[in-house]
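Step one of this worksheet: look at the structure below.
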Amino acid sequence: MAWKLDNPLYSLADDQENKATIETWQREKHGGLWESNNRLPYPVTFLIGLIIVTAFLVTKPIWGQRPSAELYAPMVELMDSPEVQQKATKEEKMAYLTERAMEIHKSAADTRLPGLLERHPISWEDLQLAAPHIREIKSANGPYGLESYTVVGDQVVLGNFEGSYRPDGLRERTQPWWDKGYTIDLLYVSYFVITMVLVCKRLPHFTQKPDMSKAVK
Amino acid sequence: MLGLSMTITLMLPSFDFRSAESTWVGLDKSLSNGLRIGWSYEDPFVVGASKPLTVILNANPKTGEPYDPPVRAYVYQPGTPFASGVEHPDNLGPTVKKLSLERGKIDQLDRSQGAVFTIEFADVNGQEWAYVVNETATKGWTPQEVLSAAGDANTRYVGRGKTVYITEGCWWCHTLLPEHTQDWQVFGTPPYLGDFNGEMPTAFGSDRKAPDILHVASRNSSREWMMMHFFNPRLVQPNSIMPRFDYLWGKVDANGNPIDFAKWRADYTAYRKGERAYPPEVPEYARNTEIRALIDWVLTSLK
Amino acid sequence: MLLKYLFAKNEDIPAGSSTIFFGYSAIFWFVVGTGLGSFNAAKLAFPDFATGVELFAFGHMRQVHVLAVILGWISMAFAMTMMYMTPALGNTKLWSEKLGLWTAFNWNAGLSLGLILLWCGFTSGREYSDLIWPIDLVVIFGVLVPLGMNVWMTIAQRRTQGIYITNWFFGACIFFLIIVFLVGQSAELFNLTGLTEGYLTFWFAHNVLGLWITPVAAGIAYYTIPKLTGNPLYSHRIGHLHFWSIIAFYSTPASHHLLSAPLPEWLKSFASVEGVLILIPAVAFVANILLTMKGRWSMFVENVEIKFSVTGVLLAIPLNMQGGFQQTRAINWYVHGTGWIVAHAHLALLGMSSFLEIAAVYFGLQQVLRRKLYSLVLANFHFWFVIIGFCIYWISMTIAGLIQGAGKIYEVPYIDVVIAEHPYMIARWIGGTMVFTGNMVWLYNMYMTAREGTIVPKGRYAHEMAYER
């Protein structure tokens, strides 16, 4: 089990050990089976890299996030204004309100809001039913703000999400785009990749192929 | 590799589960189901033996003082194993455990005597917490007097009903987990972290071929509808693919007359063919049947 | 007939007896399992079929189908392949034929008892862990531990220097499965409750697939493909990559089955990433096997075992593409709990895994019995019935799942979804029945092989003689 570290990208085992391994492979039949020593083909290597990058990109929690009350708060404020009252149909009212809310969200600190609003439109009826709850939460100044409440249809309830503890002992109710799980993932994947590189580089280099013709069938 | 994987996926989440504080929903489910549903020493034939009874009390059974709204009490007759959170208060979550021990006296128990529990609320640091109260220790209620004060009409066989739900495999099609999508507007709010403490098994269901029923009783609370639907779902929903559960009625109806299933089916077939104007009447179930327990569970627990 | 050896001396038992016992048991359970599947599908398509009897209620039979297929067919086919591949790969004999026979006997007896009890309603109410815990203990200590002993000891007393990849998978996966069973069933043994129980249920369900059904099936392909084609395995190092990435990435994403449940959110984030990374072992496996086929692709048409094996490997491609992405939050909200997932589960178990095992059972029984297959025509009939039946099933359930998903998102009244799904439920039943029919033909074919198959002379392989009369 001698380690050889002067050319780590070529092999981590010394020549003698590599030679012995190849000898074994040539000789060994495993009941009529042999193993070759080909490299990971380039497309496969590329695919694996792509998979790792994709894995982190497609699982960002933002894709599963539900609309928060914060999203509709500007609409609730504006819904009784004369501009809205003048609009004839519900659709016009909602188009106007959505446009205004979008403007406000675009300048907000939380950059997720415009995207969320785009994916979660609300109807005039639902907005009317949800508005009293949203106003109540805003004025109550309770331990949880508007961002911690979820709106689905006409219902407004405390987000069904329990994250890290806050200083006051309660738990976070909003989902961060990066959390503990991702950090563990990064470490875990790095650990895997390093282990795999070590394991593979301990094998003879892929240019050294066993000569199968020497094996006895 | 496997060691690290098990550390991350088993050990780390166990800290989260351990710190989960039970909600009212969690306490209600746990107290009305008892220690566990499914096969166990106390219920070797999985028929719902040794399960607590849930009763609706309109008045205090000792003093007669009326309750408005009525109080839900969980009666553990002598020998019935206590709910998980009562046997192991750690399962209640730190705050609920403290309240239940200090105010609810859930440590003063004797399985051979049985006990009666209720759920009360307390305010701690500006937040409302539900906790378990051992009424046998605090008010001296005995299981027998609570049961006779309530009467059969106000007694719900919830634990046995959940057993029927499990053994009949209802959960292969109905789920108990509304999803985080628009699903929610139809089937109600998804459960919270503390809604499960002490429940065994959780039986979320994974293959939904039928509506989610976590909140079914708040959409439809008609006992008559449930009865017809269980006896033959196509009586109330002609396109339903739910199996008939008429066998849960047992052999006799509420008046002790034998149920003639063959005749009922023949009449029903005639009705489907248009030879009869009305479907045959669904027999009233007897007091101590599986169907009664199942409907009790649906209407009491799935609010 | 093999039962007489249960009390014989180990030396007196002919080599391969336990392979034969396990092999025929596996085929028998496959017929039973798919028959139950077909029956259940009929009940979904026609709800008043066999109605009003408790024992024929869907809720009593669904889990019997699932466990008969997983623990009866797939796991026994695994055991059968272990009984002949492990010694062959180590140039040695099986450590103990007698223990092998006893394992097979315990397995059949324990599983029959467990399934009958389950059928009658003795259940723990936990999906995939439905068997009550006394039966679980029989499975662990009466079946898995003896099976493991046999495999581990056979590997230990091998006469080769190295251990071939198939044996890594065999040895490691039995060990994993025992751990997975112990941890998963601990919820019942120690009455763990709440989300701990819910999570352990799916931790078990996920890892039974991830550390048993998928990797052992892959290990089998690592044997059958090089053996039948005569090509060396393309790459030893990709084998390493496959083996270690399965352990790293398949053992971790259990909570992606419960994205809707209030589990800790970081755990779901972690699981989602790992779930996509399952594509790494998949890519490694498919690449390694298909590159091994180089120059021998004509066998895909000519040879029935290769036909089954390669089809299984090819089905691993859609399987893992689905599996990797359907569990992300972005897609899961749409397909979770719908027929899509049922289709995916059948793609894994009936598609990828079963096809690889069918090939290995065909090959192994001919090898051990030293008899040529009774009828190649019937074998091809079996192949086409299973593949066409499976495709009908898979496609119809995928469509049904998409309908259900759309119904869920657009708040369609549930009953309209049921009505829209009805034609696909009938298609599902037809597909399932075709698979069942194919398997009955297989059982007959293998029975006749044992009785009347042409004797294979020493030094020849049965598959080389396929076209000789």
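Starting from 1 in every chain, residues are counted up; chains themselves are A, B, ... following the order of the structure tokens, and ligands are numbered from 1 as listed.
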
key: 12 Å contact set for A:Glu136, only C-alpha atoms, chain neighbours under 5 positions out, as a list of chain:residue names   = A:Ala69, A:Ala73, A:Val76, A:Ala130, A:Ala131, A:Asn141, A:Gly142, A:Gly145, A:Leu146, A:Tyr149, A:Val156

Any chance you can output those residues with all heavy atoms as a tab-separated table (two decimals), in the first residue's frame?
chain	number	residue	atom	x	y	z
A	69	ALA	N	-47.79	36.79	2.78
A	69	ALA	CA	-48.73	37.90	2.90
A	69	ALA	C	-48.07	39.21	2.48
A	69	ALA	O	-48.73	40.13	1.99
A	69	ALA	CB	-49.24	37.99	4.33
A	73	ALA	N	-49.43	42.71	0.40
A	73	ALA	CA	-49.67	43.85	1.29
A	73	ALA	C	-49.86	45.16	0.51
A	73	ALA	O	-50.79	45.92	0.82
A	73	ALA	CB	-48.54	43.95	2.31
A	76	VAL	N	-53.33	45.33	-0.80
A	76	VAL	CA	-54.34	45.57	0.24
A	76	VAL	C	-54.42	47.05	0.55
A	76	VAL	O	-55.49	47.62	0.73
A	76	VAL	CB	-54.01	44.74	1.49
A	76	VAL	CG1	-54.92	45.10	2.63
A	76	VAL	CG2	-54.10	43.25	1.18
A	130	ALA	N	-59.00	38.01	1.87
A	130	ALA	CA	-57.75	37.90	2.63
A	130	ALA	C	-57.35	39.23	3.26
A	130	ALA	O	-56.62	39.25	4.26
A	130	ALA	CB	-56.63	37.41	1.72
A	131	ALA	N	-57.83	40.36	2.69
A	131	ALA	CA	-57.37	41.68	3.11
A	131	ALA	C	-57.50	41.94	4.62
A	131	ALA	O	-56.54	42.40	5.25
A	131	ALA	CB	-58.09	42.75	2.32
A	141	ASN	N	-48.53	43.70	15.10
A	141	ASN	CA	-47.12	43.75	15.50
A	141	ASN	C	-46.71	42.56	16.35
A	141	ASN	O	-45.99	42.69	17.32
A	141	ASN	CB	-46.84	45.05	16.26
A	141	ASN	CG	-46.08	46.02	15.37
A	141	ASN	OD1	-45.40	45.57	14.45
A	141	ASN	ND2	-46.21	47.30	15.64
A	142	GLY	N	-47.21	41.38	16.01
A	142	GLY	CA	-46.91	40.18	16.77
A	142	GLY	C	-45.49	39.71	16.51
A	142	GLY	O	-44.72	40.38	15.82
A	145	GLY	N	-43.97	38.70	11.37
A	145	GLY	CA	-44.40	39.74	10.44
A	145	GLY	C	-45.12	39.15	9.25
A	145	GLY	O	-45.32	37.92	9.16
A	146	LEU	N	-45.50	40.02	8.32
A	146	LEU	CA	-46.25	39.59	7.14
A	146	LEU	C	-45.52	38.51	6.35
A	146	LEU	O	-46.12	37.62	5.76
A	146	LEU	CB	-46.52	40.78	6.24
A	146	LEU	CG	-47.67	41.69	6.64
A	146	LEU	CD1	-47.71	42.91	5.74
A	146	LEU	CD2	-48.99	40.94	6.56
A	149	TYR	N	-46.32	34.80	7.03
A	149	TYR	CA	-47.65	34.24	6.78
A	149	TYR	C	-47.79	33.85	5.32
A	149	TYR	O	-47.28	34.53	4.43
A	149	TYR	CB	-48.74	35.23	7.17
A	149	TYR	CG	-48.90	35.35	8.66
A	149	TYR	CD1	-48.05	36.16	9.41
A	149	TYR	CD2	-49.87	34.60	9.32
A	149	TYR	CE1	-48.17	36.24	10.78
A	149	TYR	CE2	-50.00	34.68	10.69
A	149	TYR	CZ	-49.15	35.50	11.43
A	149	TYR	OH	-49.27	35.56	12.77
A	156	VAL	N	-55.16	33.08	5.02
A	156	VAL	CA	-53.87	33.59	5.46
A	156	VAL	C	-53.51	32.85	6.74
A	156	VAL	O	-54.21	32.98	7.74
A	156	VAL	CB	-53.94	35.11	5.76
A	156	VAL	CG1	-52.56	35.65	6.06
A	156	VAL	CG2	-54.55	35.84	4.58

At most 6 Å is the cut-off: for each residue in chain C with any atom that close to an atom of chain A, write down the nearest atom pair and the distance in Å rounded to one decimal, counting only C-alpha atoms, chain first then increasing number, as CSV.
residue,atom,partner,partner_atom,distance
C:Ala88,CA,A:Gly31,CA,5.0
C:Leu89,CA,A:His30,CA,4.3
C:Gly90,CA,A:His30,CA,5.7
C:Asn91,CA,A:Gly31,CA,5.7
C:Pro232,CA,A:Trp34,CA,4.6
C:Leu233,CA,A:Glu35,CA,4.6
C:Tyr234,CA,A:Ser36,CA,5.3
C:Ser235,CA,A:Asn38,CA,4.8
C:His236,CA,A:Asn37,CA,5.6
C:Trp266,CA,A:Gly181,CA,4.3
C:Leu267,CA,A:Gly181,CA,5.7
C:Ser269,CA,A:Gly181,CA,5.2
C:Phe270,CA,A:Gly181,CA,4.2
C:Ser272,CA,A:Thr59,CA,6.0
C:Val273,CA,A:Ala55,CA,5.1
C:Val276,CA,A:Ala55,CA,5.2
C:Ile280,CA,A:Ile48,CA,5.9
C:Thr328,CA,A:Thr59,CA,5.5
C:Arg329,CA,A:Gly64,CA,5.1
C:Ala330,CA,A:Trp63,CA,5.0

Just want the 7 Å neighbourhood of B:Pro61, counted on only C-alpha atoms, with same-chain residues fewer than 2 positions away dropped. Output as a PDB file with N, CA and C atoms, in the first residue's frame.
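Dumped everything to result_5.pdb:
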ATOM      1  N   ALA B  59     -71.311  18.572  30.598  1.00  0.00           N
ATOM      2  CA  ALA B  59     -71.309  19.042  31.983  1.00  0.00           C
ATOM      3  C   ALA B  59     -70.221  18.309  32.744  1.00  0.00           C
ATOM      4  N   THR B  63     -69.632  17.561  39.393  1.00  0.00           N
ATOM      5  CA  THR B  63     -70.437  18.629  39.989  1.00  0.00           C
ATOM      6  C   THR B  63     -71.694  18.942  39.191  1.00  0.00           C
ATOM      7  N   GLY B  64     -71.736  18.507  37.930  1.00  0.00           N
ATOM      8  CA  GLY B  64     -72.906  18.820  37.121  1.00  0.00           C
ATOM      9  C   GLY B  64     -72.881  20.212  36.531  1.00  0.00           C
ATOM     10  N   GLU B 145     -67.254   6.918  35.790  1.00  0.00           N
ATOM     11  CA  GLU B 145     -68.270   7.960  35.964  1.00  0.00           C
ATOM     12  C   GLU B 145     -68.293   8.927  34.776  1.00  0.00           C
ATOM     13  N   VAL B 146     -67.155   9.140  34.158  1.00  0.00           N
ATOM     14  CA  VAL B 146     -67.151  10.003  32.980  1.00  0.00           C
ATOM     15  C   VAL B 146     -67.934   9.343  31.842  1.00  0.00           C
ATOM     16  N   ALA B 149     -71.629   9.430  32.664  1.00  0.00           N
ATOM     17  CA  ALA B 149     -72.158  10.794  32.576  1.00  0.00           C
ATOM     18  C   ALA B 149     -72.373  11.192  31.112  1.00  0.00           C
TER      19      ALA B 149
END

Go through chain B residue by residue and, counting only C-alpha atoms, keep those with an atom at most 7 Å from chain A; for each kept residue give the shortest atom pair and its distance in Å to one decimal, ordered by chain and increasing number, as CSV.
residue,atom,partner,partner_atom,distance
B:Gln182,CA,A:Val152,CA,6.9
B:Gln185,CA,A:Gly153,CA,6.2
B:Tyr192,CA,A:Asn160,CA,6.0

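Among the candidates C:Gly37, C:Gly351, C:Gly239, C:Gly405, the one nearest to chain B when counting only C-alpha atoms is C:Gly405.
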
| message | Set the cut-off to 7 Å and count only C-alpha atoms: what are the residues of chain B that reach chain C? Output as an MDAnalysis selection string. | response | chainID B and resid 1:2 5 9 13 16:17 38:39 45:46 166:170 172 177 179:183 186 191:193 196:203 206:208 211 239:247

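As for atom CA of C:Trp384 and atom CA of C:Tyr84, they are spaced 26.9 Å apart.
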